[in-house]
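As provided, upload_10.json (JSON, C-alpha atoms (C1' of nucleotides)) reads as follows.
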[["chain", "number", "residue", "atom", "x", "y", "z"],
["A", 1, "MET", "CA", -0.35, -7.01, -61.97],
["A", 2, "LEU", "CA", -0.53, -6.36, -58.28],
["A", 3, "LYS", "CA", -1.43, -9.53, -56.44],
["A", 4, "LYS", "CA", -2.91, -9.54, -52.97],
["A", 5, "SER", "CA", -0.64, -10.51, -50.11],
["A", 6, "MET", "CA", -1.17, -10.92, -46.41],
["A", 7, "GLN", "CA", 2.09, -9.10, -45.71],
["A", 8, "ARG", "CA", 1.19, -6.05, -47.76],
["A", 9, "ASP", "CA", -2.32, -5.89, -46.28],
["A", 10, "GLU", "CA", -0.92, -6.01, -42.78],
["A", 11, "ILE", "CA", 1.63, -3.28, -43.48],
["A", 12, "LEU", "CA", -0.98, -1.00, -45.01],
["A", 13, "SER", "CA", -3.50, -1.53, -42.25],
["A", 14, "TYR", "CA", -0.86, -0.89, -39.62],
["A", 15, "LEU", "CA", 0.12, 2.38, -41.30],
["A", 16, "LYS", "CA", -3.52, 3.44, -41.59],
["A", 17, "SER", "CA", -4.08, 2.70, -37.92],
["A", 18, "VAL", "CA", -1.39, 4.96, -36.50],
["A", 19, "ASN", "CA", -0.74, 8.67, -36.80],
["A", 20, "THR", "CA", 2.95, 8.39, -36.11],
["A", 21, "HIS", "CA", 5.36, 8.24, -39.00],
["A", 22, "PRO", "CA", 7.19, 5.01, -38.37],
["A", 23, "THR", "CA", 10.43, 3.93, -39.96],
["A", 24, "ALA", "CA", 10.67, 0.69, -41.92],
["A", 25, "GLU", "CA", 12.26, -0.94, -38.90],
["A", 26, "THR", "CA", 9.38, 0.05, -36.62],
["A", 27, "ILE", "CA", 6.84, -1.17, -39.14],
["A", 28, "TYR", "CA", 8.73, -4.45, -39.35],
["A", 29, "MET", "CA", 8.66, -4.90, -35.58],
["A", 30, "GLU", "CA", 4.94, -4.17, -35.38],
["A", 31, "VAL", "CA", 3.85, -6.27, -38.33],
["A", 32, "LYS", "CA", 6.01, -9.11, -37.01],
["A", 33, "LYS", "CA", 3.56, -9.44, -34.12],
["A", 34, "ALA", "CA", 0.89, -10.53, -36.60],
["A", 35, "ILE", "CA", 3.17, -12.31, -39.06],
["A", 36, "PRO", "CA", 6.14, -13.57, -37.06],
["A", 37, "ASP", "CA", 8.27, -14.75, -39.94],
["A", 38, "ILE", "CA", 7.90, -11.74, -42.20],
["A", 39, "SER", "CA", 11.24, -10.44, -43.37],
["A", 40, "LEU", "CA", 12.54, -6.88, -43.35],
["A", 41, "ALA", "CA", 13.12, -7.10, -47.10],
["A", 42, "THR", "CA", 9.41, -7.76, -47.62],
["A", 43, "VAL", "CA", 8.58, -4.70, -45.57],
["A", 44, "TYR", "CA", 10.86, -2.57, -47.71],
["A", 45, "ARG", "CA", 9.53, -4.03, -50.95],
["A", 46, "ASN", "CA", 5.92, -3.44, -49.95],
["A", 47, "LEU", "CA", 6.55, 0.06, -48.64],
["A", 48, "LYS", "CA", 8.02, 0.90, -52.02],
["A", 49, "LEU", "CA", 5.07, -0.64, -53.87],
["A", 50, "LEU", "CA", 2.51, 1.09, -51.68],
["A", 51, "SER", "CA", 4.09, 4.50, -52.05],
["A", 52, "GLU", "CA", 4.41, 4.05, -55.81],
["A", 53, "ASN", "CA", 0.69, 3.31, -55.87],
["A", 54, "GLY", "CA", -0.08, 6.40, -53.81],
["A", 55, "GLU", "CA", -1.53, 4.43, -50.93],
["A", 56, "ILE", "CA", 1.05, 5.73, -48.49],
["A", 57, "LEU", "CA", 3.52, 8.60, -48.42],
["A", 58, "GLU", "CA", 7.26, 8.20, -48.11],
["A", 59, "LEU", "CA", 8.80, 11.11, -46.25],
["A", 60, "THR", "CA", 12.27, 11.73, -47.59],
["A", 61, "TYR", "CA", 14.13, 14.33, -49.51],
["A", 62, "GLY", "CA", 14.28, 12.18, -52.59],
["A", 63, "SER", "CA", 17.58, 10.46, -52.23],
["A", 64, "SER", "CA", 18.47, 8.27, -49.29],
["A", 65, "SER", "CA", 21.06, 10.75, -48.12],
["A", 66, "SER", "CA", 20.68, 14.00, -46.19],
["A", 67, "ARG", "CA", 20.90, 17.31, -47.94],
["A", 68, "PHE", "CA", 22.43, 20.44, -46.50],
["A", 69, "ASP", "CA", 21.38, 24.03, -46.98],
["A", 70, "GLY", "CA", 23.69, 26.97, -46.43],
["A", 71, "ASN", "CA", 21.05, 29.45, -47.49],
["A", 72, "THR", "CA", 19.39, 31.42, -44.73],
["A", 73, "SER", "CA", 17.15, 33.62, -46.86],
["A", 74, "PRO", "CA", 13.59, 32.36, -47.24],
["A", 75, "HIS", "CA", 12.67, 30.91, -50.62],
["A", 76, "TYR", "CA", 10.72, 27.96, -51.99],
["A", 77, "HIS", "CA", 11.23, 25.47, -54.77],
["A", 78, "PHE", "CA", 9.24, 24.44, -57.76],
["A", 79, "VAL", "CA", 10.21, 21.08, -59.22],
["A", 80, "CYS", "CA", 9.14, 20.60, -62.82],
["A", 81, "GLU", "CA", 8.03, 17.06, -63.52],
["A", 82, "LYS", "CA", 8.73, 17.46, -67.22],
["A", 83, "CYS", "CA", 12.18, 19.03, -67.42],
["A", 84, "LYS", "CA", 13.22, 18.12, -63.85],
["A", 85, "ASN", "CA", 14.55, 21.62, -63.24],
["A", 86, "VAL", "CA", 14.28, 23.10, -59.77],
["A", 87, "TYR", "CA", 13.22, 26.75, -59.76],
["A", 88, "ASP", "CA", 13.43, 29.18, -56.90],
["A", 89, "ILE", "CA", 10.14, 30.75, -55.89],
["A", 90, "MET", "CA", 11.02, 34.04, -54.29],
["A", 91, "MET", "CA", 8.27, 34.28, -51.77],
["A", 92, "ASP", "CA", 8.25, 34.46, -48.01],
["A", 93, "LEU", "CA", 5.28, 33.28, -46.02],
["A", 94, "THR", "CA", 7.23, 32.83, -42.81],
["A", 95, "ASP", "CA", 5.09, 35.17, -40.72],
["A", 96, "GLU", "CA", 1.80, 33.69, -41.89],
["A", 97, "LEU", "CA", 2.85, 30.05, -41.72],
["A", 98, "HIS", "CA", 4.76, 30.24, -38.47],
["A", 99, "SER", "CA", 1.99, 32.05, -36.67],
["A", 100, "MET", "CA", -0.36, 29.28, -37.75],
["A", 101, "VAL", "CA", 1.79, 26.52, -36.22],
["A", 102, "THR", "CA", 2.72, 28.64, -33.23],
["A", 103, "ARG", "CA", -1.00, 28.78, -32.47],
["A", 104, "GLU", "CA", -0.89, 24.97, -32.36],
["A", 105, "GLY", "CA", 1.77, 25.03, -29.66],
["A", 106, "TYR", "CA", 4.88, 24.45, -31.76],
["A", 107, "LEU", "CA", 8.04, 26.55, -31.80],
["A", 108, "PRO", "CA", 9.05, 26.75, -35.47],
["A", 109, "TYR", "CA", 12.60, 27.63, -36.52],
["A", 110, "GLY", "CA", 11.95, 27.29, -40.22],
["A", 111, "HIS", "CA", 10.04, 25.51, -42.91],
["A", 112, "ARG", "CA", 10.40, 24.07, -46.38],
["A", 113, "LEU", "CA", 7.87, 24.37, -49.16],
["A", 114, "GLU", "CA", 8.15, 22.53, -52.45],
["A", 115, "PHE", "CA", 5.77, 22.59, -55.36],
["A", 116, "PHE", "CA", 5.47, 19.88, -57.97],
["A", 117, "GLY", "CA", 4.05, 20.44, -61.41],
["A", 118, "VAL", "CA", 4.94, 21.90, -64.79],
["A", 119, "CYS", "CA", 7.04, 25.00, -65.26],
["A", 120, "LYS", "CA", 6.42, 27.99, -67.51],
["A", 121, "ASP", "CA", 8.58, 26.70, -70.35],
["A", 122, "CYS", "CA", 7.08, 23.22, -70.34],
["A", 123, "CYS", "CA", 3.56, 24.72, -70.23],
["A", 124, "GLN", "CA", 4.36, 26.51, -73.49],
["A", 125, "LYS", "CA", 5.58, 23.29, -75.05],
["A", 126, "LEU", "CA", 2.46, 21.43, -73.94],
["A", 127, "LYS", "CA", 0.23, 24.02, -75.62],
["A", 128, "ALA", "CA", 2.22, 23.94, -78.86],
["B", 1, "MET", "CA", 35.46, 24.83, -27.54],
["B", 2, "LEU", "CA", 35.13, 25.15, -31.26],
["B", 3, "LYS", "CA", 38.51, 25.60, -32.88],
["B", 4, "LYS", "CA", 38.94, 27.06, -36.35],
["B", 5, "SER", "CA", 39.74, 24.66, -39.15],
["B", 6, "MET", "CA", 40.43, 25.10, -42.82],
["B", 7, "GLN", "CA", 38.20, 22.14, -43.65],
["B", 8, "ARG", "CA", 35.18, 23.49, -41.80],
["B", 9, "ASP", "CA", 35.64, 26.97, -43.26],
["B", 10, "GLU", "CA", 35.76, 25.55, -46.75],
["B", 11, "ILE", "CA", 32.65, 23.43, -46.24],
["B", 12, "LEU", "CA", 30.71, 26.37, -44.85],
["B", 13, "SER", "CA", 31.77, 28.76, -47.56],
["B", 14, "TYR", "CA", 30.91, 26.22, -50.24],
["B", 15, "LEU", "CA", 27.44, 25.75, -48.78],
["B", 16, "LYS", "CA", 26.92, 29.50, -48.55],
["B", 17, "SER", "CA", 27.97, 29.93, -52.17],
["B", 18, "VAL", "CA", 25.44, 27.58, -53.76],
["B", 19, "ASN", "CA", 21.65, 27.57, -53.75],
["B", 20, "THR", "CA", 21.38, 23.85, -54.31],
["B", 21, "HIS", "CA", 20.99, 21.46, -51.40],
["B", 22, "PRO", "CA", 23.93, 19.14, -51.88],
["B", 23, "THR", "CA", 24.43, 15.78, -50.21],
["B", 24, "ALA", "CA", 27.48, 15.07, -48.06],
["B", 25, "GLU", "CA", 29.03, 13.23, -50.98],
["B", 26, "THR", "CA", 28.62, 16.22, -53.32],
["B", 27, "ILE", "CA", 30.03, 18.57, -50.72],
["B", 28, "TYR", "CA", 32.98, 16.22, -50.30],
["B", 29, "MET", "CA", 33.67, 16.19, -54.04],
["B", 30, "GLU", "CA", 33.49, 19.99, -54.28],
["B", 31, "VAL", "CA", 35.55, 20.77, -51.20],
["B", 32, "LYS", "CA", 38.12, 18.22, -52.36],
["B", 33, "LYS", "CA", 38.96, 20.59, -55.21],
["B", 34, "ALA", "CA", 40.29, 23.09, -52.67],
["B", 35, "ILE", "CA", 41.57, 20.59, -50.09],
["B", 36, "PRO", "CA", 42.50, 17.45, -52.05],
["B", 37, "ASP", "CA", 43.19, 15.18, -49.10],
["B", 38, "ILE", "CA", 40.13, 15.99, -47.03],
["B", 39, "SER", "CA", 38.28, 12.88, -45.94],
["B", 40, "LEU", "CA", 34.59, 12.12, -46.16],
["B", 41, "ALA", "CA", 34.51, 11.54, -42.41],
["B", 42, "THR", "CA", 35.67, 15.10, -41.85],
["B", 43, "VAL", "CA", 32.90, 16.38, -44.08],
["B", 44, "TYR", "CA", 30.34, 14.45, -42.05],
["B", 45, "ARG", "CA", 31.81, 15.55, -38.76],
["B", 46, "ASN", "CA", 31.79, 19.20, -39.78],
["B", 47, "LEU", "CA", 28.33, 19.09, -41.29],
["B", 48, "LYS", "CA", 27.10, 17.79, -37.99],
["B", 49, "LEU", "CA", 28.94, 20.48, -36.04],
["B", 50, "LEU", "CA", 27.75, 23.26, -38.33],
["B", 51, "SER", "CA", 24.15, 22.20, -38.19],
["B", 52, "GLU", "CA", 24.30, 21.82, -34.41],
["B", 53, "ASN", "CA", 25.58, 25.39, -34.27],
["B", 54, "GLY", "CA", 22.77, 26.58, -36.52],
["B", 55, "GLU", "CA", 25.11, 27.74, -39.28],
["B", 56, "ILE", "CA", 23.59, 25.38, -41.81],
["B", 57, "LEU", "CA", 20.45, 23.32, -42.02],
["B", 58, "GLU", "CA", 20.29, 19.57, -42.37],
["B", 59, "LEU", "CA", 17.28, 18.57, -44.43],
["B", 60, "THR", "CA", 16.02, 15.25, -43.18],
["B", 61, "TYR", "CA", 13.11, 13.83, -41.34],
["B", 62, "GLY", "CA", 15.14, 13.50, -38.18],
["B", 63, "SER", "CA", 16.58, 10.04, -38.34],
["B", 64, "SER", "CA", 18.69, 8.79, -41.17],
["B", 65, "SER", "CA", 15.94, 6.45, -42.25],
["B", 66, "SER", "CA", 12.79, 7.17, -44.24],
["B", 67, "ARG", "CA", 9.48, 7.52, -42.53],
["B", 68, "PHE", "CA", 6.15, 6.40, -43.93],
["B", 69, "ASP", "CA", 2.78, 8.04, -43.63],
["B", 70, "GLY", "CA", -0.51, 6.20, -44.06],
["B", 71, "ASN", "CA", -2.37, 9.49, -44.15],
["B", 72, "THR", "CA", -2.70, 10.59, -47.78],
["B", 73, "SER", "CA", -5.10, 13.46, -47.12],
["B", 74, "PRO", "CA", -3.60, 16.94, -47.50],
["B", 75, "HIS", "CA", -1.69, 17.87, -44.39],
["B", 76, "TYR", "CA", 1.71, 19.15, -43.40],
["B", 77, "HIS", "CA", 4.49, 17.99, -41.13],
["B", 78, "PHE", "CA", 6.33, 19.38, -38.17],
["B", 79, "VAL", "CA", 9.71, 17.79, -37.51],
["B", 80, "CYS", "CA", 11.00, 18.29, -33.99],
["B", 81, "GLU", "CA", 14.74, 18.84, -33.96],
["B", 82, "LYS", "CA", 15.01, 17.68, -30.35],
["B", 83, "CYS", "CA", 12.99, 14.47, -30.18],
["B", 84, "LYS", "CA", 13.01, 13.82, -33.95],
["B", 85, "ASN", "CA", 9.28, 13.08, -33.98],
["B", 86, "VAL", "CA", 7.22, 13.99, -37.03],
["B", 87, "TYR", "CA", 3.84, 15.53, -36.22],
["B", 88, "ASP", "CA", 0.88, 16.06, -38.51],
["B", 89, "ILE", "CA", -0.31, 19.62, -39.03],
["B", 90, "MET", "CA", -3.88, 19.27, -40.20],
["B", 91, "MET", "CA", -4.09, 22.25, -42.46],
["B", 92, "ASP", "CA", -4.71, 22.63, -46.18],
["B", 93, "LEU", "CA", -3.47, 25.72, -47.97],
["B", 94, "THR", "CA", -3.66, 24.22, -51.46],
["B", 95, "ASP", "CA", -5.92, 26.92, -52.90],
["B", 96, "GLU", "CA", -3.92, 29.81, -51.50],
["B", 97, "LEU", "CA", -0.49, 28.43, -52.31],
["B", 98, "HIS", "CA", -1.30, 27.14, -55.75],
["B", 99, "SER", "CA", -2.92, 30.37, -56.84],
["B", 100, "MET", "CA", 0.25, 32.20, -55.78],
["B", 101, "VAL", "CA", 2.52, 30.10, -57.98],
["B", 102, "THR", "CA", -0.03, 29.98, -60.78],
["B", 103, "ARG", "CA", 0.23, 33.77, -60.89],
["B", 104, "GLU", "CA", 3.97, 33.30, -61.49],
["B", 105, "GLY", "CA", 3.24, 31.17, -64.55],
["B", 106, "TYR", "CA", 3.66, 27.70, -63.06],
["B", 107, "LEU", "CA", 1.16, 24.85, -63.25],
["B", 108, "PRO", "CA", 1.23, 23.16, -59.82],
["B", 109, "TYR", "CA", -0.01, 19.61, -59.25],
["B", 110, "GLY", "CA", 0.84, 19.46, -55.58],
["B", 111, "HIS", "CA", 3.14, 20.66, -52.86],
["B", 112, "ARG", "CA", 4.83, 19.61, -49.68],
["B", 113, "LEU", "CA", 5.27, 21.76, -46.60],
["B", 114, "GLU", "CA", 7.24, 20.87, -43.56],
["B", 115, "PHE", "CA", 8.18, 22.85, -40.53],
["B", 116, "PHE", "CA", 11.14, 22.26, -38.31],
["B", 117, "GLY", "CA", 11.63, 23.44, -34.80],
["B", 118, "VAL", "CA", 10.75, 22.29, -31.33],
["B", 119, "CYS", "CA", 7.52, 20.53, -30.47],
["B", 120, "LYS", "CA", 5.20, 21.19, -27.56],
["B", 121, "ASP", "CA", 6.70, 18.48, -25.35],
["B", 122, "CYS", "CA", 10.31, 19.50, -25.95],
["B", 123, "CYS", "CA", 9.41, 23.16, -25.31],
["B", 124, "GLN", "CA", 8.27, 22.11, -21.85],
["B", 125, "LYS", "CA", 11.50, 20.25, -21.22],
["B", 126, "LEU", "CA", 13.58, 23.24, -22.34],
["B", 127, "LYS", "CA", 11.85, 25.49, -19.83],
["B", 128, "ALA", "CA", 12.32, 22.99, -17.02],
["C", 1, "DC", "C1'", 51.22, 21.83, -23.85],
["C", 2, "DT", "C1'", 46.45, 20.31, -24.66],
["C", 3, "DA", "C1'", 41.84, 20.02, -26.24],
["C", 4, "DG", "C1'", 39.96, 19.69, -30.41],
["C", 5, "DG", "C1'", 40.48, 18.37, -35.53],
["C", 6, "DT", "C1'", 42.04, 15.13, -39.20],
["C", 7, "DG", "C1'", 42.70, 11.03, -42.34],
["C", 8, "DC", "C1'", 42.19, 6.41, -42.68],
["C", 9, "DA", "C1'", 40.02, 2.13, -42.24],
["C", 10, "DA", "C1'", 36.70, -0.51, -40.00],
["C", 11, "DA", "C1'", 32.21, -0.75, -38.08],
["C", 12, "DA", "C1'", 27.52, 0.38, -37.71],
["C", 13, "DT", "C1'", 23.09, 1.57, -40.02],
["C", 14, "DG", "C1'", 19.78, 1.56, -43.47],
["C", 15, "DT", "C1'", 18.18, -0.31, -47.96],
["C", 16, "DT", "C1'", 18.25, -3.23, -52.11],
["C", 17, "DT", "C1'", 18.91, -7.45, -54.72],
["C", 18, "DG", "C1'", 19.67, -12.44, -56.33],
["C", 19, "DC", "C1'", 17.82, -16.67, -55.72],
["C", 20, "DA", "C1'", 14.99, -20.66, -54.90],
["C", 21, "DC", "C1'", 10.69, -21.70, -53.15],
["C", 22, "DA", "C1'", 5.60, -20.55, -52.14],
["C", 23, "DC", "C1'", 1.25, -18.72, -53.29],
["C", 24, "DG", "C1'", -2.77, -16.39, -55.52],
["C", 25, "DA", "C1'", -5.50, -15.65, -59.79],
["D", 1, "DT", "C1'", 0.29, -22.99, -64.43],
["D", 2, "DC", "C1'", 2.51, -18.52, -64.46],
["D", 3, "DG", "C1'", 3.78, -14.49, -62.79],
["D", 4, "DT", "C1'", 4.10, -12.20, -58.49],
["D", 5, "DG", "C1'", 5.43, -12.42, -53.59],
["D", 6, "DT", "C1'", 8.44, -14.13, -49.87],
["D", 7, "DG", "C1'", 12.40, -15.26, -46.71],
["D", 8, "DC", "C1'", 17.07, -15.41, -46.43],
["D", 9, "DA", "C1'", 21.59, -13.87, -47.03],
["D", 10, "DA", "C1'", 24.65, -11.19, -49.37],
["D", 11, "DA", "C1'", 25.49, -6.83, -51.53],
["D", 12, "DC", "C1'", 25.23, -1.82, -51.40],
["D", 13, "DA", "C1'", 24.97, 2.77, -49.72],
["D", 14, "DT", "C1'", 25.33, 6.06, -46.14],
["D", 15, "DT", "C1'", 27.03, 7.61, -41.80],
["D", 16, "DT", "C1'", 29.71, 6.98, -37.54],
["D", 17, "DT", "C1'", 33.68, 5.68, -34.81],
["D", 18, "DG", "C1'", 38.42, 4.11, -32.98],
["D", 19, "DC", "C1'", 42.88, 5.33, -33.37],
["D", 20, "DA", "C1'", 47.25, 7.60, -34.02],
["D", 21, "DC", "C1'", 48.87, 11.82, -35.60],
["D", 22, "DC", "C1'", 48.40, 16.95, -36.35],
["D", 23, "DT", "C1'", 47.27, 21.85, -35.22],
["D", 24, "DA", "C1'", 45.30, 26.10, -33.32],
["D", 25, "DG", "C1'", 45.14, 28.63, -29.19]]

As structure tokens, how would this structure be written, given the file I've shared?
Amino acid sequence: MLKKSMQRDEILSYLKSVNTHPTAETIYMEVKKAIPDISLATVYRNLKLLSENGEILELTYGSSSSRFDGNTSPHYHFVCEKCKNVYDIMMDLTDELHSMVTREGYLPYGHRLEFFGVCKDCCQKLKA
Amino acid sequence: MLKKSMQRDEILSYLKSVNTHPTAETIYMEVKKAIPDISLATVYRNLKLLSENGEILELTYGSSSSRFDGNTSPHYHFVCEKCKNVYDIMMDLTDELHSMVTREGYLPYGHRLEFFGVCKDCCQKLKA
DNA sequence: CTAGGTGCAAAATGTTTGCACACGA
DNA sequence: TCGTGTGCAAACATTTTGCACCTAG
């Protein structure tokens, strides 16, 4: 069971109050102002709990290490939550998407789009 | 100036040959098959060089540490490659995007879209 | 020859875990 | 009270750096 804790409350309310995307270290520094003897480990533990519960979003590429892409041609990915396979979605929305963010004042070089769900094969199996 | 090196060539050609998005460690293991005494440090150094030169893409959220988002409503991200800030793009293309992949036979639960490029502020600085 | 590249090991960063104690239901 | 949460320090994982040697231009 998830018990209430002052530390977790403070972390969540800090994250809800800002529109930046702070790192664990930044969150630690900020929350420390309210709870001076909080530890960094507690911050990490609660960030993990909160994102598992869907109350916050962790922005990573899955693992803790960077990933590198040698592919220049535009394509997207579909990650199946059943079979864990990663499928290529051969689609290119570069013009549409980039013109949308360009209108907002950004200069986009590229983008990444990933879908999560169930693939064709696993859909079949679910029906059967 | 950038000198040619067997190690860098091998890393680049490996990355161009796969459609996965390997970590530095994976790249190291693979390139080691061709150049057995390559070191992990060399892999890191060359990955950095190659991505600085735009020959490959590093997929991260800027810093080497995770970032956390208290905003769970549907929105996208813009990662500035200069200042490393992550900006919210308040846009929701769920209906459009999901109907596209549904037509391909997938059953999408969600998706993630992030742009990379240069933000408004850094565009200004580049011009100056 | 010389600036840049390399391997190695150590250091620097970022994150997780073991443990004993503290706290909320 | 009992199971969860916490702080601390140590362990781990990932990435960077200092250094002496090597290599392409």

10 Å contacts from chain D to chain A using only C-alpha atoms (C1' of nucleotides), as number ranges by chain = D: 3-8, 13-15

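Here CA of Glu104 in chain A stands at a distance of 14.0 Å from CA of His75 in chain B.
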
ask   = What separation in Å, quoted to one decimal, exists between CA of Leu97 in chain B and CA of Tyr109 in chain A?
value = 20.5 Å

request  = Would you list the contacts of DT2 in chain C as a list in words, taking every protein, DNA or RNA residue within 12 Å and counting all atoms listed in the file, but skipping same-chain residues closer than 6 positions in sequence?
outcome  =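 After dropping sequence-adjacent residues, the list is DT23, DA24 and DG25 of chain D.
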
message = Can you state the RMSD, in Å, between chain B and chain A once they are superposed by least squares on every Cα paired in order?
response =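 Once chain B is fitted onto chain A, the C-alpha RMSD works out to 3.2 Å.
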
Test item: chain C residues at most 8 Å from chain B, counting all atoms listed in the file, as number ranges by chain = C: 4-7, 14

key: Residues of chain B within 6 Å of chain A, all atoms listed in the file counted, as an NGL selection string   = :B and (15-16 or 21-23 or 56-60 or 66-70 or 105-120)

From the structure just shown, export range 4-11 of chain B with all heavy atoms as a PDB file, in the first residue's frame.
ATOM      1  N   LYS B   4      40.917  11.249 -40.311  1.00  0.00           N
ATOM      2  CA  LYS B   4      40.248   9.969 -40.521  1.00  0.00           C
ATOM      3  C   LYS B   4      40.750   8.966 -39.486  1.00  0.00           C
ATOM      4  O   LYS B   4      41.914   8.992 -39.109  1.00  0.00           O
ATOM      5  CB  LYS B   4      40.608   9.474 -41.922  1.00  0.00           C
ATOM      6  CG  LYS B   4      39.595   8.560 -42.582  1.00  0.00           C
ATOM      7  CD  LYS B   4      39.951   8.395 -44.052  1.00  0.00           C
ATOM      8  CE  LYS B   4      39.647   6.980 -44.545  1.00  0.00           C
ATOM      9  NZ  LYS B   4      38.248   6.591 -44.363  1.00  0.00           N
ATOM     10  N   SER B   5      39.848   8.094 -39.050  1.00  0.00           N
ATOM     11  CA  SER B   5      40.309   7.022 -38.171  1.00  0.00           C
ATOM     12  C   SER B   5      39.472   5.770 -38.391  1.00  0.00           C
ATOM     13  O   SER B   5      38.266   5.843 -38.626  1.00  0.00           O
ATOM     14  CB  SER B   5      40.265   7.458 -36.708  1.00  0.00           C
ATOM     15  OG  SER B   5      39.133   6.962 -36.064  1.00  0.00           O
ATOM     16  N   MET B   6      40.158   4.646 -38.339  1.00  0.00           N
ATOM     17  CA  MET B   6      39.516   3.364 -38.572  1.00  0.00           C
ATOM     18  C   MET B   6      38.375   3.160 -37.580  1.00  0.00           C
ATOM     19  O   MET B   6      37.295   2.712 -37.932  1.00  0.00           O
ATOM     20  CB  MET B   6      40.575   2.271 -38.370  1.00  0.00           C
ATOM     21  CG  MET B   6      40.166   0.884 -38.815  1.00  0.00           C
ATOM     22  SD  MET B   6      41.128  -0.364 -37.918  1.00  0.00           S
ATOM     23  CE  MET B   6      42.777  -0.030 -38.566  1.00  0.00           C
ATOM     24  N   GLN B   7      38.628   3.532 -36.328  1.00  0.00           N
ATOM     25  CA  GLN B   7      37.620   3.354 -35.287  1.00  0.00           C
ATOM     26  C   GLN B   7      36.334   4.130 -35.593  1.00  0.00           C
ATOM     27  O   GLN B   7      35.236   3.597 -35.494  1.00  0.00           O
ATOM     28  CB  GLN B   7      38.177   3.794 -33.938  1.00  0.00           C
ATOM     29  CG  GLN B   7      39.213   2.861 -33.341  1.00  0.00           C
ATOM     30  CD  GLN B   7      40.625   3.120 -33.859  1.00  0.00           C
ATOM     31  OE1 GLN B   7      40.818   3.754 -34.910  1.00  0.00           O
ATOM     32  NE2 GLN B   7      41.613   2.627 -33.148  1.00  0.00           N
ATOM     33  N   ARG B   8      36.517   5.408 -35.958  1.00  0.00           N
ATOM     34  CA  ARG B   8      35.335   6.224 -36.231  1.00  0.00           C
ATOM     35  C   ARG B   8      34.576   5.725 -37.455  1.00  0.00           C
ATOM     36  O   ARG B   8      33.351   5.680 -37.450  1.00  0.00           O
ATOM     37  CB  ARG B   8      35.728   7.690 -36.397  1.00  0.00           C
ATOM     38  CG  ARG B   8      34.520   8.608 -36.554  1.00  0.00           C
ATOM     39  CD  ARG B   8      34.811  10.058 -36.220  1.00  0.00           C
ATOM     40  NE  ARG B   8      35.981  10.581 -36.883  1.00  0.00           N
ATOM     41  CZ  ARG B   8      37.105  10.950 -36.282  1.00  0.00           C
ATOM     42  NH1 ARG B   8      37.205  10.894 -34.968  1.00  0.00           N
ATOM     43  NH2 ARG B   8      38.119  11.395 -36.974  1.00  0.00           N
ATOM     44  N   ASP B   9      35.325   5.323 -38.498  1.00  0.00           N
ATOM     45  CA  ASP B   9      34.678   4.773 -39.686  1.00  0.00           C
ATOM     46  C   ASP B   9      33.824   3.560 -39.344  1.00  0.00           C
ATOM     47  O   ASP B   9      32.701   3.412 -39.813  1.00  0.00           O
ATOM     48  CB  ASP B   9      35.743   4.334 -40.703  1.00  0.00           C
ATOM     49  CG  ASP B   9      36.364   5.519 -41.412  1.00  0.00           C
ATOM     50  OD1 ASP B   9      35.878   6.650 -41.202  1.00  0.00           O
ATOM     51  OD2 ASP B   9      37.341   5.312 -42.155  1.00  0.00           O
ATOM     52  N   GLU B  10      34.394   2.702 -38.533  1.00  0.00           N
ATOM     53  CA  GLU B  10      33.714   1.464 -38.174  1.00  0.00           C
ATOM     54  C   GLU B  10      32.442   1.746 -37.383  1.00  0.00           C
ATOM     55  O   GLU B  10      31.396   1.146 -37.623  1.00  0.00           O
ATOM     56  CB  GLU B  10      34.676   0.596 -37.347  1.00  0.00           C
ATOM     57  CG  GLU B  10      34.247  -0.843 -37.179  1.00  0.00           C
ATOM     58  CD  GLU B  10      34.148  -1.606 -38.502  1.00  0.00           C
ATOM     59  OE1 GLU B  10      34.986  -1.358 -39.402  1.00  0.00           O
ATOM     60  OE2 GLU B  10      33.215  -2.423 -38.624  1.00  0.00           O
ATOM     61  N   ILE B  11      32.532   2.668 -36.442  1.00  0.00           N
ATOM     62  CA  ILE B  11      31.372   3.042 -35.629  1.00  0.00           C
ATOM     63  C   ILE B  11      30.263   3.614 -36.521  1.00  0.00           C
ATOM     64  O   ILE B  11      29.102   3.206 -36.418  1.00  0.00           O
ATOM     65  CB  ILE B  11      31.776   4.073 -34.550  1.00  0.00           C
ATOM     66  CG1 ILE B  11      32.644   3.394 -33.490  1.00  0.00           C
ATOM     67  CG2 ILE B  11      30.546   4.708 -33.903  1.00  0.00           C
ATOM     68  CD1 ILE B  11      33.355   4.365 -32.552  1.00  0.00           C
TER      69      ILE B  11
END
